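Colleague: So that you have it, the file is entry30.tsv, and it contains TSV, C-alpha atoms:
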chain	number	residue	atom	x	y	z
K	1	MET	CA	72.85	5.50	11.27
K	2	SER	CA	72.55	2.02	12.82
K	3	GLU	CA	68.77	2.36	13.08
K	4	ASN	CA	68.57	3.30	9.42
K	5	LYS	CA	70.58	0.23	8.41
K	6	GLU	CA	68.43	-2.04	10.51
K	7	SER	CA	65.28	-0.65	8.96
K	8	GLY	CA	66.59	-1.50	5.48
K	9	ILE	CA	67.20	2.03	4.19
K	10	GLY	CA	70.53	3.77	4.62
K	11	PHE	CA	71.20	7.35	5.65
K	12	PHE	CA	71.91	8.54	2.10
K	13	GLU	CA	68.87	6.76	0.66
K	14	LYS	CA	66.54	7.99	3.39
K	15	TYR	CA	67.42	11.64	2.76
K	16	LEU	CA	67.91	11.28	-1.01
K	17	THR	CA	65.45	14.11	-1.70
K	18	VAL	CA	67.56	16.46	0.44
K	19	TRP	CA	70.77	15.49	-1.39
K	20	VAL	CA	69.08	15.92	-4.77
K	21	ALA	CA	67.89	19.39	-3.76
K	22	LEU	CA	71.40	20.33	-2.59
K	23	CYS	CA	72.90	19.02	-5.82
K	24	MET	CA	70.36	21.02	-7.77
K	25	VAL	CA	71.35	24.22	-5.96
K	26	GLY	CA	75.08	23.43	-6.22
K	27	GLY	CA	74.87	22.61	-9.92
K	28	ILE	CA	72.91	25.77	-10.69
K	29	LEU	CA	75.44	27.89	-8.78
K	30	ILE	CA	78.33	26.25	-10.65
K	31	GLY	CA	76.63	26.89	-14.00
K	32	ARG	CA	75.87	30.48	-13.02
K	33	PHE	CA	79.16	31.54	-11.43
K	34	ILE	CA	81.73	29.03	-12.75
K	35	PRO	CA	80.54	28.43	-16.33
K	36	ALA	CA	84.00	27.17	-17.36
K	37	ILE	CA	83.27	23.85	-15.61
K	38	PRO	CA	80.17	22.87	-17.64
K	39	GLU	CA	81.83	24.25	-20.77
K	40	PHE	CA	84.81	21.94	-20.22
K	41	LEU	CA	82.63	18.93	-19.38
K	42	GLY	CA	80.51	19.61	-22.44
K	43	LYS	CA	83.55	19.00	-24.64
K	44	LEU	CA	84.14	15.53	-23.19
K	45	GLU	CA	81.72	13.72	-25.50
K	46	TYR	CA	81.80	10.77	-27.84
K	47	ALA	CA	78.94	10.15	-30.30
K	48	ASN	CA	76.92	12.81	-28.44
K	49	VAL	CA	77.27	10.90	-25.16
K	50	SER	CA	78.87	12.73	-22.24
K	51	ILE	CA	81.82	10.58	-21.13
K	52	PRO	CA	81.87	11.83	-17.48
K	53	VAL	CA	78.12	11.25	-17.14
K	54	ALA	CA	78.35	7.81	-18.79
K	55	VAL	CA	81.06	6.74	-16.32
K	56	LEU	CA	79.02	8.00	-13.36
K	57	ILE	CA	75.90	6.23	-14.60
K	58	TRP	CA	77.79	2.95	-14.85
K	59	LEU	CA	78.92	3.52	-11.26
K	60	MET	CA	75.24	3.93	-10.35
K	61	ILE	CA	73.92	0.86	-12.11
K	62	TYR	CA	76.72	-1.72	-11.79
K	63	PRO	CA	76.49	-2.22	-7.98
K	64	MET	CA	72.72	-2.68	-8.25
K	65	MET	CA	73.05	-5.33	-10.95
K	66	MET	CA	75.38	-7.38	-8.74
K	67	LYS	CA	72.47	-7.84	-6.31
K	68	VAL	CA	70.23	-9.50	-8.89
K	69	ASP	CA	70.19	-13.30	-8.73
K	70	PHE	CA	69.11	-14.51	-12.17
K	71	LYS	CA	69.06	-18.12	-10.97
K	72	SER	CA	65.90	-17.13	-9.12
K	73	VAL	CA	64.07	-17.01	-12.47
K	74	THR	CA	63.75	-20.79	-12.20
K	75	HIS	CA	61.29	-20.18	-9.33
K	76	VAL	CA	58.82	-18.25	-11.48
K	77	ARG	CA	56.19	-20.98	-11.04
K	78	ASP	CA	56.31	-20.77	-7.25
K	79	ASN	CA	54.04	-17.70	-7.09
K	80	PRO	CA	52.78	-16.97	-10.62
K	81	GLN	CA	49.81	-14.80	-9.64
K	82	GLY	CA	51.99	-12.23	-7.89
K	83	LEU	CA	54.30	-12.06	-10.88
K	84	PHE	CA	51.37	-11.63	-13.25
K	85	VAL	CA	50.25	-8.62	-11.19
K	86	THR	CA	53.77	-7.16	-11.45
K	87	TRP	CA	54.21	-7.80	-15.17
K	88	ILE	CA	50.76	-6.54	-16.19
K	89	THR	CA	51.06	-3.41	-14.04
K	90	ASN	CA	54.62	-2.59	-15.11
K	91	TRP	CA	54.39	-3.26	-18.83
K	92	LEU	CA	50.73	-3.06	-19.92
K	93	ILE	CA	49.47	-0.29	-17.64
K	94	LYS	CA	52.23	1.88	-16.16
K	95	PRO	CA	53.89	3.33	-19.31
K	96	PHE	CA	50.53	4.30	-20.82
K	97	THR	CA	48.99	5.81	-17.68
K	98	MET	CA	52.21	7.82	-17.22
K	99	PHE	CA	51.87	9.12	-20.76
K	100	GLY	CA	48.18	9.95	-20.29
K	101	ILE	CA	48.55	11.69	-16.92
K	102	ALA	CA	51.65	13.66	-17.98
K	103	TRP	CA	49.99	14.71	-21.26
K	104	LEU	CA	46.87	15.88	-19.39
K	105	PHE	CA	48.86	18.05	-17.00
K	106	PHE	CA	51.53	19.41	-19.35
K	107	TYR	CA	49.25	20.12	-22.33
K	108	VAL	CA	45.88	20.86	-20.68
K	109	ILE	CA	45.93	21.69	-16.98
K	110	PHE	CA	49.31	23.51	-17.03
K	111	LYS	CA	48.92	24.81	-20.59
K	112	SER	CA	49.17	28.46	-19.55
K	113	LEU	CA	52.25	27.80	-17.41
K	114	ILE	CA	54.38	25.58	-19.65
K	115	PRO	CA	55.31	26.54	-23.25
K	116	PRO	CA	54.47	23.82	-25.85
K	117	ALA	CA	58.15	23.10	-26.61
K	118	LEU	CA	58.96	22.46	-22.94
K	119	ALA	CA	55.73	20.49	-22.48
K	120	LYS	CA	56.90	18.09	-25.21
K	121	ASP	CA	60.29	17.66	-23.52
K	122	TYR	CA	58.80	17.14	-20.07
K	123	LEU	CA	56.38	14.57	-21.50
K	124	ALA	CA	59.31	12.70	-23.07
K	125	GLY	CA	61.05	12.60	-19.69
K	126	ALA	CA	57.90	11.26	-18.05
K	127	VAL	CA	57.64	8.55	-20.73
K	128	LEU	CA	61.20	7.40	-19.99
K	129	LEU	CA	60.38	7.16	-16.29
K	130	GLY	CA	57.14	5.29	-16.91
K	131	ALA	CA	58.80	2.67	-19.11
K	132	ALA	CA	61.47	1.79	-16.54
K	133	PRO	CA	60.14	-0.04	-13.44
K	134	CYS	CA	62.33	-0.16	-10.36
K	135	THR	CA	65.00	-2.85	-10.13
K	136	ALA	CA	67.13	-1.89	-7.12
K	137	MET	CA	65.39	0.26	-4.51
K	138	VAL	CA	62.50	-2.22	-4.55
K	139	PHE	CA	64.68	-4.45	-2.36
K	140	VAL	CA	64.58	-1.66	0.23
K	141	TRP	CA	60.85	-1.02	-0.11
K	142	SER	CA	60.12	-4.74	0.08
K	143	HIS	CA	62.22	-5.07	3.24
K	144	LEU	CA	60.48	-2.13	4.89
K	145	THR	CA	57.08	-3.73	4.25
K	146	LYS	CA	58.27	-7.21	5.36
K	147	GLY	CA	57.87	-8.43	1.80
K	148	ASN	CA	58.64	-11.99	0.75
K	149	PRO	CA	62.39	-11.88	-0.13
K	150	ALA	CA	62.22	-14.82	-2.55
K	151	TYR	CA	59.29	-13.29	-4.44
K	152	THR	CA	61.03	-9.90	-4.59
K	153	VAL	CA	64.20	-11.41	-6.06
K	154	VAL	CA	62.25	-13.25	-8.78
K	155	GLN	CA	60.23	-10.11	-9.44
K	156	VAL	CA	63.35	-7.97	-9.96
K	157	ALA	CA	65.17	-10.59	-12.05
K	158	THR	CA	62.25	-11.08	-14.45
K	159	ASN	CA	61.70	-7.34	-14.83
K	160	ASP	CA	65.36	-6.84	-15.68
K	161	LEU	CA	65.02	-9.41	-18.43
K	162	ILE	CA	61.76	-7.87	-19.71
K	163	ILE	CA	63.44	-4.44	-19.88
K	164	LEU	CA	65.85	-5.83	-22.46
K	165	VAL	CA	63.03	-6.50	-24.94
K	166	ALA	CA	60.15	-4.22	-23.92
K	167	PHE	CA	61.76	-0.88	-23.00
K	168	VAL	CA	62.82	0.18	-26.51
K	169	PRO	CA	59.54	-0.50	-28.39
K	170	ILE	CA	57.40	1.05	-25.63
K	171	VAL	CA	59.54	4.21	-25.49
K	172	LYS	CA	59.69	4.41	-29.29
K	173	PHE	CA	55.89	4.12	-29.56
K	174	LEU	CA	55.03	6.63	-26.83
K	175	LEU	CA	57.64	9.17	-27.96
K	176	GLY	CA	56.26	8.79	-31.49
K	177	VAL	CA	52.76	9.55	-30.19
K	178	SER	CA	54.31	12.56	-28.43
K	179	ASP	CA	55.70	13.71	-31.81
K	180	VAL	CA	59.28	13.17	-30.59
K	181	PHE	CA	61.46	11.40	-33.13
K	182	VAL	CA	64.12	9.07	-31.76
K	183	PRO	CA	66.16	6.75	-34.03
K	184	TRP	CA	65.85	3.04	-33.26
K	185	ASP	CA	69.63	2.57	-33.26
K	186	THR	CA	70.11	5.31	-30.67
K	187	LEU	CA	67.52	3.71	-28.39
K	188	PHE	CA	69.08	0.27	-28.76
K	189	LEU	CA	72.55	1.69	-28.12
K	190	SER	CA	71.28	3.34	-24.93
K	191	VAL	CA	69.86	0.05	-23.65
K	192	VAL	CA	73.10	-1.77	-24.51
K	193	LEU	CA	75.24	0.87	-22.78
K	194	PHE	CA	73.14	1.34	-19.67
K	195	VAL	CA	71.41	-2.02	-19.19
K	196	VAL	CA	73.17	-4.84	-21.04
K	197	VAL	CA	76.76	-3.80	-20.19
K	198	PRO	CA	76.26	-3.18	-16.42
K	199	LEU	CA	73.85	-6.12	-16.19
K	200	SER	CA	76.42	-8.47	-17.75
K	201	ALA	CA	79.25	-7.04	-15.66
K	202	GLY	CA	77.18	-7.38	-12.49
K	203	ALA	CA	76.17	-10.96	-13.29
K	204	LEU	CA	79.77	-11.97	-14.11
K	205	THR	CA	81.09	-10.34	-10.95
K	206	ARG	CA	78.41	-11.99	-8.83
K	207	GLY	CA	79.10	-15.41	-10.33
K	208	HIS	CA	82.86	-15.07	-9.90
K	209	MET	CA	82.66	-13.86	-6.29
K	210	LEU	CA	80.17	-16.54	-5.25
K	211	LYS	CA	82.34	-19.22	-6.84
K	212	THR	CA	85.66	-18.04	-5.40
K	213	LYS	CA	84.68	-16.41	-2.08
K	214	GLY	CA	81.29	-17.83	-1.19
K	215	LYS	CA	77.87	-16.33	-0.51
K	216	ASP	CA	78.63	-15.04	2.99
K	217	TYR	CA	81.70	-13.05	1.86
K	218	PHE	CA	79.90	-11.73	-1.22
K	219	GLU	CA	76.80	-10.50	0.63
K	220	ASN	CA	78.36	-9.31	3.90
K	221	THR	CA	81.82	-8.08	2.83
K	222	PHE	CA	82.03	-7.49	-0.92
K	223	LEU	CA	78.65	-5.86	-1.64
K	224	PRO	CA	78.84	-3.42	1.32
K	225	LYS	CA	82.02	-1.97	-0.23
K	226	PHE	CA	79.78	-0.55	-2.95
K	227	GLY	CA	77.18	0.67	-0.45
K	228	ASN	CA	77.45	4.37	-1.32
K	229	THR	CA	78.77	4.02	-4.88
K	230	THR	CA	75.34	4.20	-6.50
K	231	ILE	CA	74.23	7.25	-4.51
K	232	THR	CA	77.59	9.01	-5.00
K	233	GLY	CA	77.46	8.42	-8.75
K	234	LEU	CA	73.89	9.67	-8.85
K	235	LEU	CA	74.61	12.84	-6.89
K	236	LEU	CA	77.69	13.73	-8.95
K	237	THR	CA	75.66	13.15	-12.11
K	238	LEU	CA	72.99	15.52	-10.80
K	239	VAL	CA	75.55	18.25	-10.10
K	240	ILE	CA	76.75	18.01	-13.71
K	241	ILE	CA	73.22	17.96	-15.12
K	242	PHE	CA	72.06	20.93	-13.05
K	243	SER	CA	75.17	22.91	-13.99
K	244	PHE	CA	73.92	22.60	-17.59
K	245	GLN	CA	70.25	23.08	-16.61
K	246	GLY	CA	70.79	26.27	-14.60
K	247	LYS	CA	69.43	28.63	-17.24
K	248	VAL	CA	66.26	26.60	-17.85
K	249	ILE	CA	65.56	26.29	-14.12
K	250	LEU	CA	66.24	29.94	-13.32
K	251	GLU	CA	63.94	31.00	-16.15
K	252	ASN	CA	61.23	28.52	-15.10
K	253	PRO	CA	61.69	27.83	-11.36
K	254	VAL	CA	58.07	26.80	-10.85
K	255	HIS	CA	58.43	24.05	-13.44
K	256	ILE	CA	60.09	21.72	-10.92
K	257	GLY	CA	56.84	21.66	-8.95
K	258	LEU	CA	54.70	21.39	-12.08
K	259	ILE	CA	56.64	18.36	-13.31
K	260	ALA	CA	56.38	16.73	-9.89
K	261	VAL	CA	52.55	16.81	-9.79
K	262	PRO	CA	51.78	14.19	-12.50
K	263	LEU	CA	54.75	12.05	-11.39
K	264	ILE	CA	53.40	11.86	-7.83
K	265	ILE	CA	49.85	11.10	-9.02
K	266	GLN	CA	51.19	8.36	-11.31
K	267	THR	CA	53.23	6.80	-8.50
K	268	VAL	CA	50.25	6.59	-6.15
K	269	LEU	CA	47.89	5.35	-8.88
K	270	ILE	CA	50.18	2.50	-9.98
K	271	PHE	CA	50.79	1.43	-6.39
K	272	PHE	CA	47.07	1.06	-5.76
K	273	ILE	CA	46.46	-0.74	-9.05
K	274	ALA	CA	49.00	-3.44	-8.14
K	275	TYR	CA	48.26	-3.46	-4.39
K	276	LEU	CA	44.47	-3.76	-4.79
K	277	GLY	CA	44.90	-6.18	-7.69
K	278	ALA	CA	46.86	-8.44	-5.36
K	279	LYS	CA	44.13	-8.07	-2.73
K	280	LEU	CA	41.44	-9.11	-5.23
K	281	LEU	CA	43.48	-12.19	-6.06
K	282	LYS	CA	43.71	-12.92	-2.30
K	283	LEU	CA	47.51	-12.86	-2.32
K	284	PRO	CA	49.32	-12.48	1.02
K	285	HIS	CA	50.50	-9.05	2.13
K	286	ASN	CA	54.18	-10.01	1.79
K	287	VAL	CA	53.57	-10.46	-1.96
K	288	ALA	CA	51.09	-7.61	-2.47
K	289	ALA	CA	53.33	-4.95	-0.90
K	290	PRO	CA	56.45	-5.53	-3.06
K	291	ALA	CA	54.21	-5.93	-6.12
K	292	GLY	CA	52.87	-2.43	-5.49
K	293	MET	CA	56.31	-1.03	-4.74
K	294	ILE	CA	58.08	-2.20	-7.90
K	295	GLY	CA	55.28	-0.78	-10.04
K	296	ALA	CA	55.14	2.54	-8.21
K	297	SER	CA	58.87	3.25	-8.15
K	298	ASN	CA	61.07	3.82	-11.19
K	299	PHE	CA	64.43	2.69	-12.49
K	300	PHE	CA	65.33	6.37	-12.55
K	301	GLU	CA	69.02	5.67	-13.16
K	302	LEU	CA	68.12	4.13	-16.52
K	303	ALA	CA	65.65	6.93	-17.32
K	304	VAL	CA	68.28	9.60	-16.59
K	305	ALA	CA	70.91	7.74	-18.62
K	306	VAL	CA	68.68	7.30	-21.67
K	307	ALA	CA	67.44	10.90	-21.49
K	308	ILE	CA	71.03	12.13	-21.57
K	309	ALA	CA	72.03	9.76	-24.36
K	310	LEU	CA	69.01	10.66	-26.53
K	311	PHE	CA	68.58	14.36	-25.84
K	312	GLY	CA	71.77	15.62	-24.19
K	313	VAL	CA	72.78	16.53	-20.66
K	314	ASN	CA	71.35	20.05	-20.97
K	315	SER	CA	67.95	18.94	-22.28
K	316	PRO	CA	64.71	19.62	-20.35
K	317	VAL	CA	63.98	15.91	-20.91
K	318	ALA	CA	66.83	15.07	-18.54
K	319	LEU	CA	65.47	17.63	-16.07
K	320	ALA	CA	62.09	15.88	-16.03
K	321	THR	CA	63.71	12.54	-15.19
K	322	ILE	CA	65.68	14.19	-12.38
K	323	VAL	CA	62.44	15.49	-10.84
K	324	GLY	CA	61.44	11.83	-10.69
K	325	VAL	CA	64.45	11.22	-8.46
K	326	LEU	CA	63.52	14.25	-6.34
K	327	VAL	CA	60.01	13.04	-5.49
K	328	GLU	CA	60.47	9.27	-5.40
K	329	VAL	CA	61.85	8.67	-1.90
K	330	PRO	CA	59.34	10.73	0.14
K	331	VAL	CA	56.40	9.39	-1.89
K	332	MET	CA	57.58	5.79	-1.64
K	333	LEU	CA	58.17	6.10	2.12
K	334	ALA	CA	54.59	7.35	2.46
K	335	LEU	CA	53.35	4.32	0.50
K	336	VAL	CA	55.48	2.03	2.67
K	337	GLY	CA	53.75	3.50	5.72
K	338	PHE	CA	50.35	2.95	4.12
K	339	ALA	CA	51.16	-0.65	3.23
K	340	ASN	CA	52.32	-1.36	6.78
K	341	ARG	CA	49.10	0.10	8.20
K	342	THR	CA	46.90	-2.04	5.96
K	343	THR	CA	48.26	-5.52	6.61
K	344	GLY	CA	44.83	-6.35	8.02
K	345	TRP	CA	43.37	-6.14	4.50
K	346	PHE	CA	45.10	-9.40	3.66
K	347	LYS	CA	44.61	-12.88	5.05
K	348	GLU	CA	47.94	-14.64	5.42
Just give me the structure as structure tokens.
Modeller:
Amino acid sequence: MSENKESGIGFFEKYLTVWVALCMVGGILIGRFIPAIPEFLGKLEYANVSIPVAVLIWLMIYPMMMKVDFKSVTHVRDNPQGLFVTWITNWLIKPFTMFGIAWLFFYVIFKSLIPPALAKDYLAGAVLLGAAPCTAMVFVWSHLTKGNPAYTVVQVATNDLIILVAFVPIVKFLLGVSDVFVPWDTLFLSVVLFVVVPLSAGALTRGHMLKTKGKDYFENTFLPKFGNTTITGLLLTLVIIFSFQGKVILENPVHIGLIAVPLIIQTVLIFFIAYLGAKLLKLPHNVAAPAGMIGASNFFELAVAVAIALFGVNSPVALATIVGVLVEVPVMLALVGFANRTTGWFKE
């Protein structure tokens, strides 16, 4: 446990794939043998939004938002080239390559294995993942690659602000191309509920604690109290989702693996686009590594939340976003290892 903390990734985060798999099994068993539980939870809705899931998602996102220092945005000019790599990769490349790769696999390569209706839903889930770059775990990935902390903070803060204006139109456009209709107001409501509200709450809490208790107390005493809140909220959300998804998974067990294939390819592709882009610009490794990491990983908490809000907790769209959670940690740890082995590519 102590070694994990020192390395920058906690016990729960390091084995997140294992916990997700266990939650998947547990949720399916609950849905199969104790159907009264998902039936009861299904009634706890308001405006088609599951209240238990909404509360758990806020528990996931709020602690992460407290870590974001928006004052760092004033340092944008300190390393503009690295930020340009991040912004271009995240917002002009990533959502569209995700759409293209997922469409190729779900509609062409896996055509005989995935029915058209499910292919459309899985593609929608992939789109939501591709339009939401990582904002929290990138701190961990950056630390593990000895990334520049100041650059990483600015990177995360600016991406959080860009999400507020870019996420909705990108998702609306790509879902429209996918022939999936989503009302504008529903999309905007999702962003308000799962980005604006926790982002504002996190910023207000951070400002208040820094002002009244100081930076040392906030970072070393207050934040650690929420250390496992995000993961706990995520895992409980997954149990609920899989209790609703049991029938779909049992009827199509191989689909978990099929969904994972394009997501893994996309993750690796985006990492190399940003990482090699930074190398071509002759940026230092401690900027190139976190630039690759934030593009490769996803803000899966937001993707899961929006999928549930738009399509329902028992939708295959939500299942596709959950597979993103399942594959992210092992793939990202592999990319961290690669980045650490290639420091010699960069001149400090």
Colleague: Please report, as CSV, each residue of stretch 152-246 of chain K lying at most 12 Å from stretch 272-290 of chain K, together with the nearest pair of atoms and the separation in Å rounded to one decimal; use all atoms listed in the file, and order rows by chain and ascending residue number.
Modeller:
residue,atom,partner,partner_atom,distance
K:Thr152,CA,K:Pro290,CA,6.5
K:Val153,CA,K:Pro290,CA,10.2
K:Val154,CA,K:Pro290,CA,11.2
K:Gln155,CA,K:Pro290,CA,8.7
K:Val156,CA,K:Pro290,CA,10.1
Colleague: Using all atoms listed in the file for the distances, tell me which of K:Leu59, K:Leu204, K:Ala36, K:Ile93 is nearest to K:Leu236.
Modeller: K:Leu59
Colleague: Please identify all polymer residues lying at most 10 Å from the point (73.9, 21.7, -12.2) (file coordinates), using all atoms listed in the file, and present the result as an MDAnalysis selection string.
Modeller: chainID K and resid 23:32 38 236:247 249 313:314
Colleague: Figure out the distance between atom CA of K:Met293 and atom CA of K:Val191, please, to one decimal in Å.
Modeller: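 Answer for the atom CA of K:Val191 to atom CA of K:Met293 separation: 23.3 Å.
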Colleague: Given all atoms listed in the file as the basis, pick out the residue of K:Ile114, K:Ala339, K:Ala126, K:Leu235 nearest to K:Leu174.
Modeller: K:Ala126
Colleague: Excluding K:Ile162 and its own-chain neighbours fewer than 4 positions away, which residues fall within 9 Å of it when counting all atoms listed in the file? Please give them as a PyMOL selection string.
Modeller: chain K and resi 87+91+157-158+166-167
Colleague: Would you compute the box with edges along x, y and z of the file around stretch 275-288 of chain K, including every atom the file lists for it and 6 Å extra on each side, and give its centre and edge lengths in Å to one decimal, as AutoDock Vina command-line options?
Modeller:
--center_x 47.8 --center_y -8.2 --center_z -2.8 --size_x 24.7 --size_y 21.5 --size_z 21.8
Colleague: Between atom CA of K:Ser178 and atom CA of K:Gly292, what is the distance in Å, rounded to a tenth?
Modeller: 27.4 Å
Colleague: Show me, as a ChimeraX atom specification, the residues that have an atom within 10 Å of K:Pro262 when counting all atoms listed in the file, minus same-chain residues fewer than 2 positions from it.
Modeller: /K:98-106,126,257-260,264-267
Colleague: One decimal, in Å: what's the spacing between atom CA of K:Met332 and atom CA of K:Cys134?
Modeller: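 According to the coordinates, atom CA of K:Met332 and atom CA of K:Cys134 are separated by 11.6 Å.
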Colleague: List every protein, DNA or RNA residue that has an atom no more than 6 Å from (59.3, 11.7, -13.8) in the file's coordinate frame, counting all atoms listed in the file, and report them as a PyMOL selection string.
Modeller: chain K and resi 126+129+263+320-321+323-324
Colleague: Restricting it to C-alpha atoms, dump the selection as an mmCIF file, in the frame of the given file.
Modeller:
data_model
loop_
_atom_site.group_PDB
_atom_site.id
_atom_site.type_symbol
_atom_site.label_atom_id
_atom_site.label_comp_id
_atom_site.auth_asym_id
_atom_site.auth_seq_id
_atom_site.Cartn_x
_atom_site.Cartn_y
_atom_site.Cartn_z
ATOM 1 C CA ALA K 126 57.900 11.260 -18.050
ATOM 2 C CA LEU K 129 60.380 7.160 -16.290
ATOM 3 C CA LEU K 263 54.750 12.050 -11.390
ATOM 4 C CA ALA K 320 62.090 15.880 -16.030
ATOM 5 C CA THR K 321 63.710 12.540 -15.190
ATOM 6 C CA VAL K 323 62.440 15.490 -10.840
ATOM 7 C CA GLY K 324 61.440 11.830 -10.690
#
Colleague: Find the residues around K:Gly295 up to 7 Å (only C-alpha atoms counted), leave out those fewer than 4 positions away in its own chain, and share them as number ranges by chain.
Modeller: K: 86, 89-90, 133, 270-271, 291
Colleague: From the list K:Val196, K:Ala150, K:Val140, K:Val306, which residue is nearest K:Val336 when using all atoms listed in the file?
Modeller: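 Among K:Val196, K:Ala150, K:Val140, K:Val306, it is K:Val140 that comes nearest to K:Val336.
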Colleague: Write out as a PDB file with C-alpha atoms, in the coordinates of the input which residues come within 12 Å of K:Leu210 when counting all atoms listed in the file, dropping same-chain ones fewer than 4 positions away.
Modeller:
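Output file part_36.pdb follows:
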ATOM      1  CA  MET K  66      75.380  -7.380  -8.740  1.00  0.00           C
ATOM      2  CA  LYS K  67      72.470  -7.840  -6.310  1.00  0.00           C
ATOM      3  CA  ASP K  69      70.190 -13.300  -8.730  1.00  0.00           C
ATOM      4  CA  ALA K 203      76.170 -10.960 -13.290  1.00  0.00           C
ATOM      5  CA  LEU K 204      79.770 -11.970 -14.110  1.00  0.00           C
ATOM      6  CA  THR K 205      81.090 -10.340 -10.950  1.00  0.00           C
ATOM      7  CA  ARG K 206      78.410 -11.990  -8.830  1.00  0.00           C
ATOM      8  CA  GLY K 214      81.290 -17.830  -1.190  1.00  0.00           C
ATOM      9  CA  LYS K 215      77.870 -16.330  -0.510  1.00  0.00           C
ATOM     10  CA  ASP K 216      78.630 -15.040   2.990  1.00  0.00           C
ATOM     11  CA  TYR K 217      81.700 -13.050   1.860  1.00  0.00           C
ATOM     12  CA  PHE K 218      79.900 -11.730  -1.220  1.00  0.00           C
ATOM     13  CA  GLU K 219      76.800 -10.500   0.630  1.00  0.00           C
ATOM     14  CA  ASN K 220      78.360  -9.310   3.900  1.00  0.00           C
ATOM     15  CA  THR K 221      81.820  -8.080   2.830  1.00  0.00           C
ATOM     16  CA  PHE K 222      82.030  -7.490  -0.920  1.00  0.00           C
ATOM     17  CA  LEU K 223      78.650  -5.860  -1.640  1.00  0.00           C
TER      18      LEU K 223
END
Colleague: With only C-alpha atoms as the basis for distance, which of K:Asp185, K:Glu301, K:Asp179, K:Glu251 is at the shortest distance from K:Ala117?
Modeller: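 Smallest separation from K:Ala117 among the options: K:Asp179.
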Colleague: Using all atoms listed in the file, pick whichever of K:Val329, K:Leu161, K:Ile294, K:Val317 has the shortest atom-to-atom distance to K:Gly147.
Modeller: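 So, comparing all the options, the nearest one is K:Ile294.
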Colleague: With all atoms listed in the file as the counted atoms, please give the residues lying no more than 12 Å from K:Phe311, apart from itself and same-chain residues fewer than 6 positions off, as a list in words.
Modeller: Asn48, Val49, Ser50, Asp121, Tyr122, Ala124, Gly125, Leu128, Val180, Phe181, Val182, Pro183, Thr186, Leu187, Ser190, Ala303, Val304, Ala305, Val317, Ala318, Leu319, Ala320 and Thr321 of chain K
Colleague: Hey, could you patch up stretch 156-169 of chain K with N, CA and C atoms and hand it over as a short mmCIF file (atom, residue, chain, number, x, y, z; two decimals), in the coordinates of the input?
Modeller:
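result.cif, written as the output of this step:
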data_model
loop_
_atom_site.label_atom_id
_atom_site.label_comp_id
_atom_site.auth_asym_id
_atom_site.auth_seq_id
_atom_site.Cartn_x
_atom_site.Cartn_y
_atom_site.Cartn_z
N VAL K 156 62.32 -8.87 -9.42
CA VAL K 156 63.35 -7.97 -9.96
C VAL K 156 64.06 -8.63 -11.14
N ALA K 157 64.43 -9.89 -10.99
CA ALA K 157 65.17 -10.59 -12.05
C ALA K 157 64.36 -10.66 -13.35
N THR K 158 63.08 -10.99 -13.24
CA THR K 158 62.25 -11.08 -14.45
C THR K 158 62.03 -9.72 -15.08
N ASN K 159 61.88 -8.69 -14.27
CA ASN K 159 61.70 -7.34 -14.83
C ASN K 159 62.95 -6.85 -15.53
N ASP K 160 64.11 -7.21 -15.00
CA ASP K 160 65.36 -6.84 -15.68
C ASP K 160 65.45 -7.49 -17.05
N LEU K 161 64.99 -8.72 -17.14
CA LEU K 161 65.02 -9.41 -18.43
C LEU K 161 63.98 -8.82 -19.39
N ILE K 162 62.81 -8.46 -18.87
CA ILE K 162 61.76 -7.87 -19.71
C ILE K 162 62.21 -6.51 -20.26
N ILE K 163 62.94 -5.75 -19.44
CA ILE K 163 63.44 -4.44 -19.88
C ILE K 163 64.23 -4.57 -21.18
N LEU K 164 64.99 -5.65 -21.29
CA LEU K 164 65.85 -5.83 -22.46
C LEU K 164 65.05 -5.87 -23.76
N VAL K 165 63.81 -6.36 -23.71
CA VAL K 165 63.03 -6.50 -24.94
C VAL K 165 61.86 -5.54 -25.04
N ALA K 166 61.37 -5.04 -23.89
CA ALA K 166 60.15 -4.22 -23.92
C ALA K 166 60.41 -2.72 -23.85
N PHE K 167 61.52 -2.31 -23.23
CA PHE K 167 61.76 -0.88 -23.00
C PHE K 167 61.83 -0.10 -24.31
N VAL K 168 62.61 -0.57 -25.26
CA VAL K 168 62.82 0.18 -26.51
C VAL K 168 61.52 0.35 -27.30
N PRO K 169 60.76 -0.71 -27.60
CA PRO K 169 59.54 -0.50 -28.39
C PRO K 169 58.49 0.35 -27.69
#
